[in-house]
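K.L.:
Right, I'll just put the structure down here and ask away after.
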Amino acid sequence: MMLDTDFETDTAAAPVPAACASAHASAFDPTALNATRRQTEWWELNQNPHVDLLVIGGGITGAGIALDAATRGLSVALVERRDLAFGTSRWSSKLVHGGLRYLAKLQVGIAFNSARERRIIMERTAPHLVRPLAQVTPLNNYVNPLQILATRAGYRAGDLLAIAAGTSRRTLPHTRFARPDETRRLVPTARRDGLKGAWVNYDGQMIDDARLTLAVARTAAGEGAHILTYCEATEATGNGAWLTDTLTEEKLYLHAKAVINATGVWAASLDNSIKIRPSRGTHLVFDAAVFGHPKGALTIPLPGSVSRYLFVLPADKGRCYLGLTDEDQPGPIPEVPSTPEADIDFLLENINRALSRPVTRADIRGVFTGLRPLLAMDGTASTADLSRRHATVLADNGLVSIVGGKFTEYRLMAEQAVDAVVNLRGLPAGPCRTRNFPLVGAPGYRRGASTGDSPGLGVFGAGSAGHAHMPGSGKSRVGAILLGILGLHEAPSRETTDWRIAPHESGRTLGRRIAVPKFLWRRFGNEAVNVVKSAVLERPLDRIAGLALVRAEIEYAITHEGALSVEDILERRTRLTMIPAQAEAARGEVTEIFTALEARVPEVPAAIQGSAKPPVAV
């Protein structure tokens, strides 16, 4: 199965008429996160400081818990002292793993859970954000016979896991052998001397980890969860915590029937009985051209290992990521981990064994390093040997913490954490619903699916009424899933990316077409049309700094995706800071858009304000 990796497809772009944009700007979107909604929700909690569940931490696990609890009918507040996906959740390899590495260590339970959760993400909850990726392991002189045997056996075992997990072969094809000529097409810069072909296995790849985290948080917001960034929780117990709005220094005590600590590597800051042993994972960022614009991930075993591999991963915006390391991170946990020179040397030295042209430091465009929140077990074991198991921990003061685990299993971790507090505190919750609950932008997503389209608080949310219908409506579920997985969408023809906007929910139709670049479909799924048509500023489809990034994306980050600063946009909504030169090239125009929209922020609706102190503007 060949992969569609055209991240840079151009399209003729027609601007949205101002009248249409204004009409959409007044529409209501309960998933929209923005400064006004945050201000309103802080005010609401001031007036009624009681919730069923307080979630501390806005990474993928915390967002997953908020969604799980909200879809069970619980009142939920999620607080994050920085931005959504500020920590480990944005520093992964962007893979949705099927668990091969854990099979090699005979951790069958973790491997099966990974395969099952991968299927749920790829076939139901987020097929618009996770797609199949060919992992290509060339058979060459630098791979010894034991590694070849282990790779083939591991890939075949992975196929069996996928079958056991119920994964369709249309979602993830089974392992196959590629001849040398096909190997060179998939990974053009693979070393050619002695090349006998390659084993090709398929796994899931996110368009971006921070974007998936954001989709989970927005979906939770659409189900009624309060999502408050730049809000620090202190003195947390099982009954509540002090919250501080770090932008205004206002404080309130939020009472909760249960509190879950989902702060990852910082979990011990709320419960000092928890022992985390952070593991450092480093990636290098390159232009995809350095590796010949690969269509698959060059995947090679590390010398002397049958369970650890290096990857060259084709990525969004014409990039490739080379990773990754697995090393101890001693000492205090930093806000943003630095990258040791030794990590860079390790990655370059080991990947160059497999390349026809060595890469050097001069080829590197950026680096990023994240910390895995591993549970401390045996202090003498290497972090690579520590289990990726997760655990739910109950403190003496009633605080529940969810620790350990891995990105792919976020939904399962959330389900188990909510189950734990429901049983512990006797909360009036229904059963878990997230196994079959599409995220915003996914085929089949419907706002308010569990709450019944209630108004909510998306007071700055634009354009929800005109979201595009699900591609392939009226077709089979499998067909619709494949459309999402492969990044395909019903359009007037294969030669154009134009889209005739679906009717409004009111029944009116815009009666014109809007050109939507393919890269917007990849990043937003069925939200792509909404990104364009909800824009109120001029030239929404003009590119920024010549990149595969348009002005409408910046506006959407502010009005729908909770970006409260230019850094939020550059760091986590667009990921431009992964290549610092690109971030600086775009900073001026991003700042201009942010400033223009800041002047348009609406007042908090008077209807929701009582006689009590109103919220402070941010």
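All residue names refer to the structure tokens as shown: chains lettered A, B, ... in order, residues numbered from 1 in each chain, ligands numbered from 1 in order.
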At a cut-off of 8 Å, using only C-alpha atoms, what residues contact Glu561 of chain A? Leave out same-chain residues fewer than 2 positions from it and give the result as an MDAnalysis selection string.
P.N.:
chainID A and resid 32:34 214 218 556:559 563 573
K.L.:
Just give me the gap between atom CA of Asp363 of chain A and atom CA of Arg543 of chain A in Å, one decimal is fine.
P.N.:
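These atoms are spaced 24.9 Å apart.
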K.L.:
Got a sec to tell me which of segment 123-203 of chain A DSSP assigns to helix (DSSP H, G or I), as an mmCIF file with N, CA and C atoms, in the first residue's frame?
P.N.:
data_model
loop_
_atom_site.group_PDB
_atom_site.id
_atom_site.type_symbol
_atom_site.label_atom_id
_atom_site.label_comp_id
_atom_site.auth_asym_id
_atom_site.auth_seq_id
_atom_site.Cartn_x
_atom_site.Cartn_y
_atom_site.Cartn_z
ATOM 1 N N GLU A 123 -9.587 3.702 13.437
ATOM 2 C CA GLU A 123 -10.818 3.308 12.762
ATOM 3 C C GLU A 123 -12.052 4.028 13.278
ATOM 4 N N ARG A 124 -11.951 4.667 14.427
ATOM 5 C CA ARG A 124 -13.156 5.279 14.962
ATOM 6 C C ARG A 124 -12.967 6.699 15.467
ATOM 7 N N THR A 125 -12.045 6.915 16.389
ATOM 8 C CA THR A 125 -12.032 8.213 17.068
ATOM 9 C C THR A 125 -11.276 9.298 16.320
ATOM 10 N N PRO A 145 22.154 -11.225 10.822
ATOM 11 C CA PRO A 145 21.097 -12.233 10.617
ATOM 12 C C PRO A 145 20.107 -12.328 11.772
ATOM 13 N N LEU A 146 20.586 -12.198 13.009
ATOM 14 C CA LEU A 146 19.674 -12.275 14.151
ATOM 15 C C LEU A 146 18.686 -11.108 14.127
ATOM 16 N N GLN A 147 19.166 -9.921 13.768
ATOM 17 C CA GLN A 147 18.279 -8.760 13.693
ATOM 18 C C GLN A 147 17.260 -8.922 12.561
ATOM 19 N N ILE A 148 17.698 -9.489 11.433
ATOM 20 C CA ILE A 148 16.768 -9.732 10.329
ATOM 21 C C ILE A 148 15.678 -10.707 10.761
ATOM 22 N N LEU A 149 16.096 -11.780 11.421
ATOM 23 C CA LEU A 149 15.135 -12.776 11.893
ATOM 24 C C LEU A 149 14.181 -12.160 12.915
ATOM 25 N N ALA A 150 14.737 -11.386 13.858
ATOM 26 C CA ALA A 150 13.908 -10.772 14.897
ATOM 27 C C ALA A 150 12.937 -9.760 14.295
ATOM 28 N N THR A 151 13.403 -9.001 13.300
ATOM 29 C CA THR A 151 12.532 -8.010 12.660
ATOM 30 C C THR A 151 11.374 -8.691 11.952
ATOM 31 N N ARG A 152 11.697 -9.733 11.173
ATOM 32 C CA ARG A 152 10.633 -10.433 10.452
ATOM 33 C C ARG A 152 9.646 -11.076 11.428
ATOM 34 N N ALA A 153 10.174 -11.737 12.451
ATOM 35 C CA ALA A 153 9.294 -12.389 13.428
ATOM 36 C C ALA A 153 8.457 -11.360 14.176
ATOM 37 N N GLY A 154 9.085 -10.235 14.527
ATOM 38 C CA GLY A 154 8.351 -9.191 15.237
ATOM 39 C C GLY A 154 7.247 -8.594 14.396
ATOM 40 N N TYR A 155 7.547 -8.336 13.131
ATOM 41 C CA TYR A 155 6.522 -7.778 12.243
ATOM 42 C C TYR A 155 5.363 -8.755 12.059
ATOM 43 N N ARG A 156 5.677 -10.045 11.898
ATOM 44 C CA ARG A 156 4.611 -11.044 11.751
ATOM 45 C C ARG A 156 3.783 -11.146 13.032
ATOM 46 N N ALA A 157 4.458 -11.093 14.173
ATOM 47 C CA ALA A 157 3.724 -11.121 15.443
ATOM 48 C C ALA A 157 2.843 -9.884 15.571
ATOM 49 N N GLY A 158 3.350 -8.759 15.060
ATOM 50 C CA GLY A 158 2.538 -7.546 15.069
ATOM 51 C C GLY A 158 1.289 -7.689 14.222
ATOM 52 N N ASP A 159 1.401 -8.394 13.101
ATOM 53 C CA ASP A 159 0.215 -8.663 12.277
ATOM 54 C C ASP A 159 -0.815 -9.469 13.060
ATOM 55 N N LEU A 160 -0.335 -10.472 13.798
ATOM 56 C CA LEU A 160 -1.253 -11.286 14.602
ATOM 57 C C LEU A 160 -1.917 -10.446 15.690
ATOM 58 N N LEU A 161 -1.143 -9.542 16.293
ATOM 59 C CA LEU A 161 -1.716 -8.637 17.292
ATOM 60 C C LEU A 161 -2.809 -7.776 16.675
ATOM 61 N N ALA A 162 -2.541 -7.249 15.485
ATOM 62 C CA ALA A 162 -3.531 -6.406 14.814
ATOM 63 C C ALA A 162 -4.804 -7.194 14.532
ATOM 64 N N ILE A 163 -4.643 -8.439 14.103
ATOM 65 C CA ILE A 163 -5.814 -9.290 13.853
ATOM 66 C C ILE A 163 -6.570 -9.523 15.154
ATOM 67 N N ALA A 164 -5.830 -9.855 16.219
ATOM 68 C CA ALA A 164 -6.468 -10.095 17.518
ATOM 69 C C ALA A 164 -7.199 -8.860 18.015
ATOM 70 N N PRO A 180 14.375 -4.519 -4.025
ATOM 71 C CA PRO A 180 15.281 -3.367 -3.904
ATOM 72 C C PRO A 180 14.784 -2.106 -4.601
ATOM 73 N N ASP A 181 14.181 -2.245 -5.807
ATOM 74 C CA ASP A 181 13.738 -1.038 -6.506
ATOM 75 C C ASP A 181 12.610 -0.342 -5.750
ATOM 76 N N GLU A 182 11.675 -1.110 -5.186
ATOM 77 C CA GLU A 182 10.604 -0.495 -4.402
ATOM 78 C C GLU A 182 11.150 0.088 -3.103
ATOM 79 N N THR A 183 12.110 -0.592 -2.509
ATOM 80 C CA THR A 183 12.729 -0.076 -1.284
ATOM 81 C C THR A 183 13.311 1.300 -1.530
ATOM 82 N N ARG A 184 13.983 1.463 -2.673
ATOM 83 C CA ARG A 184 14.588 2.760 -2.984
ATOM 84 C C ARG A 184 13.529 3.829 -3.236
ATOM 85 N N ARG A 185 12.375 3.439 -3.752
ATOM 86 C CA ARG A 185 11.293 4.422 -3.938
ATOM 87 C C ARG A 185 10.710 4.856 -2.594
ATOM 88 N N LEU A 186 10.600 3.908 -1.675
ATOM 89 C CA LEU A 186 10.027 4.234 -0.369
ATOM 90 C C LEU A 186 10.986 5.062 0.475
#
K.L.:
Could you go through segment 101-340 of chain A and tell me which residues DSSP, when run on the backbone, assigns to strand (DSSP E or B), listing them as a PyMOL selection string?
P.N.:
chain A and resi 130-138+176-178+190+198-206+226-229+231-237+240-245+251-261+276-287+297-301+309-315+319-323+327-328
K.L.:
Atom CA of Ile60 of chain A and atom CA of Asn201 of chain A, how far apart in Å?
P.N.:
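Taking atom CA of Asn201 of chain A as the start and atom CA of Ile60 of chain A as the end point, the length is 26.3 Å.
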K.L.:
Tell me, as a list in words, which residues lie within 8 Å of segment 330-340 of chain A, counting only C-alpha atoms; anything in the same chain fewer than 3 positions away does not count.
P.N.:
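Near segment 330-340 of chain A, the qualifying residues are Gly87, Val265, Trp266, Pro278, Thr282, Asp343, Ile344, Val367, Phe368, Thr369, Gly370 and Leu371 of chain A.
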K.L.:
Enumerate, in order of chain and increasing residue number, the residues of segment 99-210 of chain A with an atom no farther than 12 Å from segment 427-436 of chain A, each with its shortest atom pair and distance in Å to one decimal, counting only C-alpha atoms, as a Markdown table.
P.N.:
| residue | atom | partner | partner_atom | distance |
| --- | --- | --- | --- | --- |
| A:Arg116 | CA | A:Arg435 | CA | 10.1 |
| A:Glu117 | CA | A:Arg435 | CA | 8.6 |
| A:Arg118 | CA | A:Arg435 | CA | 11.0 |
| A:Arg119 | CA | A:Arg435 | CA | 9.9 |
| A:Ile120 | CA | A:Arg435 | CA | 6.4 |
| A:Ile121 | CA | A:Arg435 | CA | 8.6 |
| A:Met122 | CA | A:Asn436 | CA | 11.2 |
| A:Glu123 | CA | A:Asn436 | CA | 9.3 |
| A:Arg124 | CA | A:Asn436 | CA | 6.0 |
| A:Thr125 | CA | A:Asn436 | CA | 6.5 |
| A:Ala126 | CA | A:Asn436 | CA | 10.3 |
K.L.:
Pick out the closest residue to Leu45 of chain A from this set: A:Trp91, A:Tyr102, A:Tyr142, A:Tyr253. Count only C-alpha atoms.
P.N.:
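Among the listed residues, the smallest separation from Leu45 of chain A belongs to A:Tyr253.
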K.L.:
Please provide as a PyMOL selection string all residues within 6 Å of segment 400-409 of chain A, with the sequence filter that same-chain residues fewer than 6 positions apart are discarded (counting only C-alpha atoms).
P.N.:
chain A and resi 96+117+260-262+373-375+388-394
K.L.:
Taking 3 positions as the minimum chain separation for residues in the same chain, which residues sit within 12 Å of Arg90 of chain A when counting only C-alpha atoms? Answer as a VMD selection string.
P.N.:
chain A and resid 58 to 60 83 to 87 93 to 95 206 to 214 281 283 336 368 to 372 407 571 to 575 577 to 578
K.L.:
Store the residues of this selection in a file with N, CA and C atoms, as a short mmCIF file (atom, residue, chain, number, x, y, z; two decimals), in the first residue's frame.
P.N.:
data_model
loop_
_atom_site.label_atom_id
_atom_site.label_comp_id
_atom_site.auth_asym_id
_atom_site.auth_seq_id
_atom_site.Cartn_x
_atom_site.Cartn_y
_atom_site.Cartn_z
N GLY A 58 -3.08 19.22 31.37
CA GLY A 58 -3.69 19.36 30.05
C GLY A 58 -2.92 18.68 28.95
N GLY A 59 -2.26 17.57 29.27
CA GLY A 59 -1.66 16.74 28.24
C GLY A 59 -2.68 15.75 27.70
N ILE A 60 -2.21 14.76 26.95
CA ILE A 60 -3.14 13.83 26.31
C ILE A 60 -3.92 13.03 27.35
N ASP A 83 0.04 25.67 28.67
CA ASP A 83 -0.86 25.50 27.53
C ASP A 83 -1.19 24.02 27.37
N LEU A 84 -2.24 23.71 26.63
CA LEU A 84 -2.53 22.33 26.29
C LEU A 84 -1.34 21.71 25.57
N ALA A 85 -1.02 20.47 25.91
CA ALA A 85 0.10 19.74 25.30
C ALA A 85 1.43 20.45 25.50
N PHE A 86 1.57 21.16 26.61
CA PHE A 86 2.82 21.89 26.85
C PHE A 86 3.98 20.93 27.15
N GLY A 87 3.70 19.80 27.79
CA GLY A 87 4.77 18.91 28.23
C GLY A 87 5.04 17.78 27.26
N SER A 93 7.25 10.78 19.14
CA SER A 93 7.62 10.47 17.75
C SER A 93 6.44 10.62 16.80
N LYS A 94 5.29 11.00 17.32
CA LYS A 94 4.06 11.17 16.55
C LYS A 94 3.59 9.83 15.96
N LEU A 95 3.88 8.74 16.64
CA LEU A 95 3.44 7.42 16.21
C LEU A 95 2.36 6.89 17.14
N MET A 206 0.52 9.97 13.63
CA MET A 206 -0.27 11.18 13.82
C MET A 206 0.22 12.29 12.90
N ILE A 207 -0.71 13.14 12.46
CA ILE A 207 -0.28 14.35 11.78
C ILE A 207 0.52 15.20 12.75
N ASP A 208 0.11 15.17 14.04
CA ASP A 208 0.86 15.87 15.08
C ASP A 208 0.28 15.47 16.43
N ASP A 209 1.15 15.27 17.42
CA ASP A 209 0.68 14.84 18.74
C ASP A 209 -0.04 15.96 19.49
N ALA A 210 0.46 17.19 19.40
CA ALA A 210 -0.22 18.30 20.06
C ALA A 210 -1.60 18.53 19.46
N ARG A 211 -1.71 18.31 18.15
CA ARG A 211 -3.01 18.50 17.48
C ARG A 211 -4.01 17.43 17.92
N LEU A 212 -3.56 16.20 18.11
CA LEU A 212 -4.47 15.17 18.61
C LEU A 212 -4.90 15.49 20.05
N THR A 213 -3.96 15.95 20.86
CA THR A 213 -4.31 16.35 22.23
C THR A 213 -5.35 17.46 22.21
N LEU A 214 -5.17 18.42 21.34
CA LEU A 214 -6.11 19.53 21.23
C LEU A 214 -7.49 19.04 20.78
N GLY A 281 13.86 11.37 25.49
CA GLY A 281 13.78 10.97 24.09
C GLY A 281 14.03 12.16 23.18
N HIS A 283 14.76 13.86 19.29
CA HIS A 283 14.60 13.77 17.84
C HIS A 283 15.33 14.93 17.17
N VAL A 336 11.05 22.83 29.83
CA VAL A 336 11.32 22.38 28.46
C VAL A 336 12.70 21.74 28.46
N PHE A 368 14.21 18.40 19.13
CA PHE A 368 13.27 18.45 20.25
C PHE A 368 13.48 17.23 21.13
N THR A 369 13.25 17.45 22.42
CA THR A 369 13.48 16.43 23.43
C THR A 369 12.31 16.40 24.39
N GLY A 370 11.81 15.22 24.66
CA GLY A 370 10.72 15.06 25.62
C GLY A 370 11.11 14.09 26.71
N LEU A 371 10.32 14.10 27.79
CA LEU A 371 10.58 13.21 28.93
C LEU A 371 9.42 12.25 29.10
N ARG A 372 9.70 10.95 29.02
CA ARG A 372 8.67 9.95 29.27
C ARG A 372 8.47 9.81 30.78
N PHE A 407 1.45 7.29 24.99
CA PHE A 407 0.48 8.11 24.27
C PHE A 407 -0.63 7.27 23.67
N GLU A 571 4.44 27.53 18.95
CA GLU A 571 4.97 26.34 19.61
C GLU A 571 4.09 25.11 19.42
N ARG A 572 2.77 25.27 19.63
CA ARG A 572 1.92 24.07 19.75
C ARG A 572 0.79 23.98 18.74
N ARG A 573 0.32 25.09 18.16
CA ARG A 573 -0.74 24.98 17.16
C ARG A 573 -0.18 24.73 15.77
N THR A 574 0.95 25.35 15.45
CA THR A 574 1.54 25.19 14.12
C THR A 574 2.84 24.40 14.14
N ARG A 575 3.47 24.26 15.28
CA ARG A 575 4.75 23.55 15.48
C ARG A 575 5.89 24.19 14.68
N THR A 577 8.10 26.24 15.69
CA THR A 577 9.34 26.37 16.45
C THR A 577 10.20 25.12 16.39
N MET A 578 9.69 24.04 15.84
CA MET A 578 10.54 22.87 15.64
C MET A 578 11.69 23.20 14.68
#
K.L.:
Under the rule that only C-alpha atoms are counted, which of A:Lys251, A:Arg587, A:Arg353, A:Arg446 is the nearest residue to Ala233 of chain A?
P.N.:
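Using only C-alpha atoms, the shortest distance to Ala233 of chain A belongs to A:Lys251.
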